[in-house]
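Data from work.csv: CSV, C-alpha atoms and all ligand atoms
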chain,number,residue,atom,x,y,z
A,1,MET,CA,0.0,0.0,0.0
A,2,ALA,CA,1.1,3.6,-0.6
A,3,ALA,CA,2.7,5.7,2.1
A,4,ASP,CA,0.5,6.9,4.9
A,5,VAL,CA,-1.5,10.1,4.6
A,6,THR,CA,-1.8,12.3,7.6
A,7,ASP,CA,-2.8,15.7,6.3
A,8,PRO,CA,-6.3,16.4,5.0
A,9,GLU,CA,-5.3,19.3,2.9
A,10,THR,CA,-2.0,18.5,1.3
A,11,PRO,CA,-2.6,16.5,-1.9
A,12,PRO,CA,-1.3,13.0,-1.5
A,13,THR,CA,0.9,13.5,-4.5
A,14,GLU,CA,2.9,15.8,-2.2
A,15,GLN,CA,2.7,13.4,0.7
A,16,ASP,CA,4.1,10.8,-1.7
A,17,ALA,CA,0.9,8.8,-1.3
A,18,ALA,CA,-1.2,9.6,-4.4
A,19,ARG,CA,-0.2,6.4,-6.1
A,20,LEU,CA,-2.6,3.6,-5.7
A,21,SER,CA,0.1,1.0,-6.5
A,22,ASP,CA,3.3,0.1,-4.8
A,23,ASP,CA,4.8,-0.3,-8.3
A,24,PRO,CA,6.9,2.9,-8.9
A,25,ALA,CA,6.1,2.6,-12.6
A,26,ASP,CA,2.4,2.9,-11.9
A,27,SER,CA,1.5,6.5,-11.0
A,28,THR,CA,-2.2,6.3,-11.5
A,29,THR,CA,-4.0,8.7,-9.2
A,30,VAL,CA,-7.4,8.6,-7.6
A,31,TYR,CA,-8.3,11.5,-9.8
A,32,GLU,CA,-7.6,9.5,-12.9
A,33,LEU,CA,-9.1,6.3,-11.6
A,34,VAL,CA,-12.5,7.9,-10.9
A,35,GLY,CA,-12.6,9.6,-14.4
A,36,GLY,CA,-11.5,13.2,-13.6
A,37,THR,CA,-13.3,16.4,-12.6
A,38,ASP,CA,-16.8,15.4,-13.7
A,39,ALA,CA,-16.8,12.5,-11.2
A,40,PHE,CA,-16.1,14.7,-8.3
A,41,VAL,CA,-18.7,17.2,-9.4
A,42,GLU,CA,-21.3,14.4,-9.5
A,43,LEU,CA,-20.1,13.0,-6.2
A,44,VAL,CA,-20.5,16.4,-4.5
A,45,ASP,CA,-23.9,16.9,-6.1
A,46,ARG,CA,-25.1,13.6,-4.6
A,47,PHE,CA,-23.6,14.5,-1.2
A,48,TYR,CA,-25.4,17.9,-1.3
A,49,ASP,CA,-28.7,16.2,-2.1
A,50,ALA,CA,-28.5,14.6,1.3
A,51,VAL,CA,-27.3,17.8,3.0
A,52,GLU,CA,-30.3,19.6,1.7
A,53,THR,CA,-32.7,17.4,3.6
A,54,ASP,CA,-30.6,16.9,6.7
A,55,GLU,CA,-32.2,18.8,9.6
A,56,VAL,CA,-28.9,19.1,11.5
A,57,LEU,CA,-26.6,20.0,8.6
A,58,ARG,CA,-28.8,22.1,6.4
A,59,PRO,CA,-29.0,25.0,8.9
A,60,LEU,CA,-25.2,25.2,9.0
A,61,TYR,CA,-25.0,25.9,5.2
A,62,PRO,CA,-25.9,29.2,3.6
A,63,GLU,CA,-29.1,29.6,1.6
A,64,ASP,CA,-27.3,29.4,-1.8
A,65,LEU,CA,-25.6,26.0,-1.8
A,66,GLU,CA,-24.0,26.3,-5.3
A,67,PRO,CA,-20.7,28.2,-4.4
A,68,GLY,CA,-19.9,25.7,-1.6
A,69,LYS,CA,-20.7,22.8,-3.9
A,70,HIS,CA,-18.2,24.0,-6.4
A,71,HIS,CA,-15.5,24.7,-3.8
A,72,LEU,CA,-15.8,21.2,-2.2
A,73,ALA,CA,-15.7,19.6,-5.7
A,74,MET,CA,-12.6,21.6,-6.6
A,75,PHE,CA,-11.0,20.8,-3.3
A,76,PHE,CA,-11.4,17.1,-3.9
A,77,VAL,CA,-10.2,17.4,-7.5
A,78,GLN,CA,-7.0,19.1,-6.2
A,79,TYR,CA,-6.5,16.8,-3.3
A,80,TRP,CA,-6.8,13.6,-5.3
A,81,GLY,CA,-4.3,14.6,-7.9
A,82,GLY,CA,-6.2,16.8,-10.4
A,83,PRO,CA,-5.8,20.4,-11.5
A,84,ARG,CA,-5.2,22.9,-8.7
A,85,VAL,CA,-8.3,24.9,-9.4
A,86,TYR,CA,-9.2,25.2,-5.7
A,87,GLU,CA,-5.9,26.8,-4.8
A,88,ALA,CA,-6.3,29.3,-7.7
A,89,GLU,CA,-9.8,30.3,-6.7
A,90,ARG,CA,-9.6,30.0,-2.9
A,91,GLY,CA,-5.9,30.0,-1.8
A,92,HIS,CA,-4.7,27.6,0.9
A,93,PRO,CA,-7.5,25.2,2.0
A,94,MET,CA,-7.1,26.1,5.8
A,95,LEU,CA,-9.9,23.7,6.4
A,96,ARG,CA,-10.2,24.0,10.1
A,97,ARG,CA,-10.1,27.7,9.9
A,98,ARG,CA,-12.7,27.8,7.2
A,99,HIS,CA,-15.0,25.6,9.3
A,100,ALA,CA,-14.5,27.8,12.4
A,101,PRO,CA,-17.7,29.9,11.8
A,102,PHE,CA,-19.9,26.7,11.8
A,103,GLU,CA,-20.7,24.7,14.9
A,104,VAL,CA,-19.4,21.3,13.9
A,105,THR,CA,-20.4,18.9,16.6
A,106,HIS,CA,-19.7,15.1,16.8
A,107,GLY,CA,-23.2,14.5,15.7
A,108,GLY,CA,-22.9,16.8,12.7
A,109,ALA,CA,-19.6,15.3,11.7
A,110,LEU,CA,-21.1,11.8,11.9
A,111,ARG,CA,-24.0,12.9,9.6
A,112,TRP,CA,-21.5,14.6,7.2
A,113,ALA,CA,-19.4,11.4,7.1
A,114,HIS,CA,-22.5,9.2,6.6
A,115,HIS,CA,-23.8,11.2,3.7
A,116,MET,CA,-20.4,11.5,2.1
A,117,ALA,CA,-19.7,7.8,2.4
A,118,ALA,CA,-23.1,7.0,0.9
A,119,ALA,CA,-22.4,9.3,-2.0
A,120,ILE,CA,-19.0,7.7,-2.5
A,121,ARG,CA,-20.5,4.2,-2.6
A,122,SER,CA,-23.3,5.3,-4.9
A,123,MET,CA,-20.7,6.3,-7.5
A,124,ALA,CA,-19.5,2.7,-8.0
A,125,PHE,CA,-15.9,3.8,-8.4
A,126,ALA,CA,-13.1,1.3,-8.9
A,127,SER,CA,-12.6,-0.3,-5.6
A,128,ALA,CA,-9.1,1.1,-5.0
A,129,ALA,CA,-10.5,4.6,-5.5
A,130,GLU,CA,-13.6,3.9,-3.3
A,131,PHE,CA,-11.4,2.6,-0.6
A,132,ALA,CA,-9.1,5.7,-0.7
A,133,LEU,CA,-12.1,8.1,-0.5
A,134,LEU,CA,-13.9,6.3,2.3
A,135,ASP,CA,-10.6,6.1,4.2
A,136,TYR,CA,-10.2,9.9,3.8
A,137,VAL,CA,-13.7,10.5,5.2
A,138,ALA,CA,-13.2,8.3,8.2
A,139,ARG,CA,-9.8,9.7,9.0
A,140,PHE,CA,-10.4,13.4,8.6
A,141,THR,CA,-14.0,14.2,9.2
A,142,PRO,CA,-13.5,14.2,13.0
A,143,SER,CA,-10.7,16.8,12.6
A,144,MET,CA,-13.4,19.4,11.6
A,145,ILE,CA,-15.2,19.1,15.0
A,146,ASN,CA,-14.9,22.4,16.8
A,147,THR,CA,-18.0,22.3,19.1
A,148,PHE,CA,-18.2,19.9,22.0
A,149,ASP,CA,-21.7,18.7,23.1
A,150,ASP,CA,-22.2,17.3,26.5
A,151,PRO,CA,-20.6,14.0,26.9
A,152,PRO,CA,-23.0,11.1,27.0
A,153,THR,CA,-24.0,9.9,30.5
A,154,LEU,CA,-24.0,6.4,31.7
A,201,LIG,C1,-13.0,15.8,5.9
A,201,LIG,C2,-14.1,16.4,6.1
A,201,LIG,C3,-14.5,17.7,5.4
A,201,LIG,C4,-13.9,18.3,4.3
A,201,LIG,C5,-12.7,17.8,3.5
A,201,LIG,C6,-14.6,19.6,4.1
A,201,LIG,C7,-14.3,20.4,3.1
A,201,LIG,C8,-14.9,21.6,2.8
A,201,LIG,C9,-14.5,22.6,1.8
A,201,LIG,C10,-13.4,22.4,0.8
A,201,LIG,C11,-15.3,23.6,1.9
A,201,LIG,C12,-15.3,24.9,1.0
A,201,LIG,C13,-14.3,25.9,1.6
A,201,LIG,C14,-14.2,27.2,0.9
A,201,LIG,O1,-15.1,28.0,1.1
A,201,LIG,O2,-13.3,27.3,0.0
A,201,LIG,C15,-16.2,23.4,3.0
A,201,LIG,C16,-17.3,24.2,3.4
A,201,LIG,C17,-18.1,23.9,4.4
A,201,LIG,N1,-18.2,22.8,5.2
A,201,LIG,FE1,-16.9,21.3,5.1
A,201,LIG,N2,-15.6,19.7,5.0
A,201,LIG,C18,-15.5,18.6,5.9
A,201,LIG,C19,-16.3,18.4,6.9
A,201,LIG,C20,-17.4,19.2,7.3
A,201,LIG,C21,-18.3,18.9,8.4
A,201,LIG,C22,-18.2,17.7,9.3
A,201,LIG,C23,-19.2,19.9,8.4
A,201,LIG,C24,-20.4,20.1,9.3
A,201,LIG,C25,-20.9,19.2,10.1
A,201,LIG,C26,-18.9,20.8,7.3
A,201,LIG,C27,-19.6,22.0,7.0
A,201,LIG,C28,-19.2,22.9,6.0
A,201,LIG,C29,-20.0,24.1,5.8
A,201,LIG,C30,-21.2,24.6,6.5
A,201,LIG,C31,-19.3,24.8,4.7
A,201,LIG,C32,-19.6,26.1,4.1
A,201,LIG,C33,-20.3,25.9,2.8
A,201,LIG,C34,-20.6,27.2,2.0
A,201,LIG,O3,-20.0,28.2,2.3
A,201,LIG,O4,-21.4,27.2,1.1
A,201,LIG,N3,-17.8,20.3,6.7
A,201,LIG,N4,-15.9,22.2,3.6
Have the structure of the file written as structure tokens, please.
Ligand code: HEM
Amino acid sequence: MAADVTDPETPPTEQDAARLSDDPADSTTVYELVGGTDAFVELVDRFYDAVETDEVLRPLYPEDLEPGKHHLAMFFVQYWGGPRVYEAERGHPMLRRRHAPFEVTHGGALRWAHHMAAAIRSMAFASAAEFALLDYVARFTPSMINTFDDPPTL
């Protein structure tokens, strides 16, 4: 398996982990494997369909969902080895800082991850790409939590 990825914003290409194969001659990226930009646009569309009807997440998002949809799609494109459109349009991702204005709780993050995982699975990507995307969601969604609800009581 490729080198470990520990940073949610630095493209794996720069963490020496974008390759899906251990074979140094095979430099296929997730971006290529899913079929490029259109696939991420479609993935984010499907994710947002779920956000739109989620009673916890929807209030966090602005009325007009279109700009955010585009930014998230371009972020994934860049992260997974495609063109750096996100950086050109938005600068450094600074993901935690960009999420600071929103109350991201454990419950909200769980819903976010659930919807994103469902959208990923619905795309029927090649299994290596699906695995990489699901792994990313599981690994990094919790790092966006910035609001701590009361701990559960026994
Ligand atoms: C690994 C997990 C996550 C990633 C990679 C991610 C990524 C992003 C990106 C790239 C943006 C657009 C930033 C920009 O304006 O340039 C964004 C916006 C946003 N995210 Fe996340 N996010 C994650 C988790 C979450 C979670 C858990 C929540 C809430 C529970 C959340 C709520 C939002 C909201 C409300 C916006 C603003 C959308 C808008 O301005 O239209 N995100 N996120």
- Task: Name the closest residue to Arg46 (chain A) among the candidates A:Ala118, A:Ala88, A:Met74, A:Leu134; distances are taken between atoms, counting only C-alpha atoms.
- Result: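 Looking at the shortest contact to Arg46 (chain A), the residue is A:Ala118.
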- Message: From the options A:Ala100, A:Gly81, A:Pro62, A:Arg90, which residue's atoms come nearest to Gly35 (chain A), counting only C-alpha atoms?
- Response: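 Using only C-alpha atoms, the shortest distance to Gly35 (chain A) belongs to A:Gly81.
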Let me see if you get this right: every residue at most 9 Å from ligand LIG 201 (chain A), counting only C-alpha atoms and all ligand atoms, written as a PDB file with C-alpha atoms, in the coordinates of the input.
ATOM      1  CA  PRO A   8      -6.300  16.400   5.000  1.00  0.00           C
ATOM      2  CA  GLU A   9      -5.300  19.300   2.900  1.00  0.00           C
ATOM      3  CA  VAL A  56     -28.900  19.100  11.500  1.00  0.00           C
ATOM      4  CA  LEU A  57     -26.600  20.000   8.600  1.00  0.00           C
ATOM      5  CA  ARG A  58     -28.800  22.100   6.400  1.00  0.00           C
ATOM      6  CA  PRO A  59     -29.000  25.000   8.900  1.00  0.00           C
ATOM      7  CA  LEU A  60     -25.200  25.200   9.000  1.00  0.00           C
ATOM      8  CA  TYR A  61     -25.000  25.900   5.200  1.00  0.00           C
ATOM      9  CA  PRO A  62     -25.900  29.200   3.600  1.00  0.00           C
ATOM     10  CA  GLU A  63     -29.100  29.600   1.600  1.00  0.00           C
ATOM     11  CA  ASP A  64     -27.300  29.400  -1.800  1.00  0.00           C
ATOM     12  CA  LEU A  65     -25.600  26.000  -1.800  1.00  0.00           C
ATOM     13  CA  GLU A  66     -24.000  26.300  -5.300  1.00  0.00           C
ATOM     14  CA  PRO A  67     -20.700  28.200  -4.400  1.00  0.00           C
ATOM     15  CA  GLY A  68     -19.900  25.700  -1.600  1.00  0.00           C
ATOM     16  CA  LYS A  69     -20.700  22.800  -3.900  1.00  0.00           C
ATOM     17  CA  HIS A  70     -18.200  24.000  -6.400  1.00  0.00           C
ATOM     18  CA  HIS A  71     -15.500  24.700  -3.800  1.00  0.00           C
ATOM     19  CA  LEU A  72     -15.800  21.200  -2.200  1.00  0.00           C
ATOM     20  CA  ALA A  73     -15.700  19.600  -5.700  1.00  0.00           C
ATOM     21  CA  MET A  74     -12.600  21.600  -6.600  1.00  0.00           C
ATOM     22  CA  PHE A  75     -11.000  20.800  -3.300  1.00  0.00           C
ATOM     23  CA  PHE A  76     -11.400  17.100  -3.900  1.00  0.00           C
ATOM     24  CA  TYR A  86      -9.200  25.200  -5.700  1.00  0.00           C
ATOM     25  CA  GLU A  87      -5.900  26.800  -4.800  1.00  0.00           C
ATOM     26  CA  GLU A  89      -9.800  30.300  -6.700  1.00  0.00           C
ATOM     27  CA  ARG A  90      -9.600  30.000  -2.900  1.00  0.00           C
ATOM     28  CA  GLY A  91      -5.900  30.000  -1.800  1.00  0.00           C
ATOM     29  CA  HIS A  92      -4.700  27.600   0.900  1.00  0.00           C
ATOM     30  CA  PRO A  93      -7.500  25.200   2.000  1.00  0.00           C
ATOM     31  CA  MET A  94      -7.100  26.100   5.800  1.00  0.00           C
ATOM     32  CA  LEU A  95      -9.900  23.700   6.400  1.00  0.00           C
ATOM     33  CA  ARG A  96     -10.200  24.000  10.100  1.00  0.00           C
ATOM     34  CA  ARG A  98     -12.700  27.800   7.200  1.00  0.00           C
ATOM     35  CA  HIS A  99     -15.000  25.600   9.300  1.00  0.00           C
ATOM     36  CA  PRO A 101     -17.700  29.900  11.800  1.00  0.00           C
ATOM     37  CA  PHE A 102     -19.900  26.700  11.800  1.00  0.00           C
ATOM     38  CA  GLU A 103     -20.700  24.700  14.900  1.00  0.00           C
ATOM     39  CA  VAL A 104     -19.400  21.300  13.900  1.00  0.00           C
ATOM     40  CA  THR A 105     -20.400  18.900  16.600  1.00  0.00           C
ATOM     41  CA  HIS A 106     -19.700  15.100  16.800  1.00  0.00           C
ATOM     42  CA  GLY A 107     -23.200  14.500  15.700  1.00  0.00           C
ATOM     43  CA  GLY A 108     -22.900  16.800  12.700  1.00  0.00           C
ATOM     44  CA  ALA A 109     -19.600  15.300  11.700  1.00  0.00           C
ATOM     45  CA  LEU A 110     -21.100  11.800  11.900  1.00  0.00           C
ATOM     46  CA  ARG A 111     -24.000  12.900   9.600  1.00  0.00           C
ATOM     47  CA  TRP A 112     -21.500  14.600   7.200  1.00  0.00           C
ATOM     48  CA  ALA A 113     -19.400  11.400   7.100  1.00  0.00           C
ATOM     49  CA  MET A 116     -20.400  11.500   2.100  1.00  0.00           C
ATOM     50  CA  TYR A 136     -10.200   9.900   3.800  1.00  0.00           C
ATOM     51  CA  VAL A 137     -13.700  10.500   5.200  1.00  0.00           C
ATOM     52  CA  ALA A 138     -13.200   8.300   8.200  1.00  0.00           C
ATOM     53  CA  ARG A 139      -9.800   9.700   9.000  1.00  0.00           C
ATOM     54  CA  PHE A 140     -10.400  13.400   8.600  1.00  0.00           C
ATOM     55  CA  THR A 141     -14.000  14.200   9.200  1.00  0.00           C
ATOM     56  CA  PRO A 142     -13.500  14.200  13.000  1.00  0.00           C
ATOM     57  CA  SER A 143     -10.700  16.800  12.600  1.00  0.00           C
ATOM     58  CA  MET A 144     -13.400  19.400  11.600  1.00  0.00           C
ATOM     59  CA  ILE A 145     -15.200  19.100  15.000  1.00  0.00           C
TER      60      ILE A 145
END
- Top pick for closest residue to Thr37 (chain A), considering A:Ala25, A:Asp7, A:Glu14, A:Gly82 and counting only C-alpha atoms: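 The closest residue to Thr37 (chain A) is A:Gly82.
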- Message: I need the residue nearest Thr10 (chain A) from this list: A:Arg97, A:Arg84, A:Arg121, A:His114. Use only C-alpha atoms for the distance.
- Response: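 Among A:Arg97, A:Arg84, A:Arg121, A:His114, it is A:Arg84 that comes nearest to Thr10 (chain A).
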- Task: Could you please determine the separation between CA of Asp45 (chain A) and CA of Ser122 (chain A) in Å, to one decimal place?
- Result: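 We find that CA of Asp45 (chain A) and CA of Ser122 (chain A) lie 11.7 Å from each other.
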- Task: Would you mind telling me which residue in A:Pro83, A:Ala39, A:Ala50, A:Phe148 lies nearest to Phe125 (chain A) when using only C-alpha atoms?
- Result: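 Residue with the minimum atom-to-atom distance to Phe125 (chain A): A:Ala39.
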- Item | Point-to-point distance from CA of Met123 (chain A) to CA of Tyr79 (chain A), Å rounded to tenths |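 Here the two named atoms are 18.2 Å from each other.
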- Item | Counting all atoms listed in the file, the residue of A:Leu154, A:Ser27, A:Ala117, A:Pro11 that sits nearest Phe131 (chain A) |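 Nearest to Phe131 (chain A): A:Ala117.
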- Interatomic distance (Å, one decimal) between CA of Pro12 (chain A) and CA of Trp80 (chain A):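 Straight-line distance from CA of Pro12 (chain A) to CA of Trp80 (chain A) works out to 6.7 Å.
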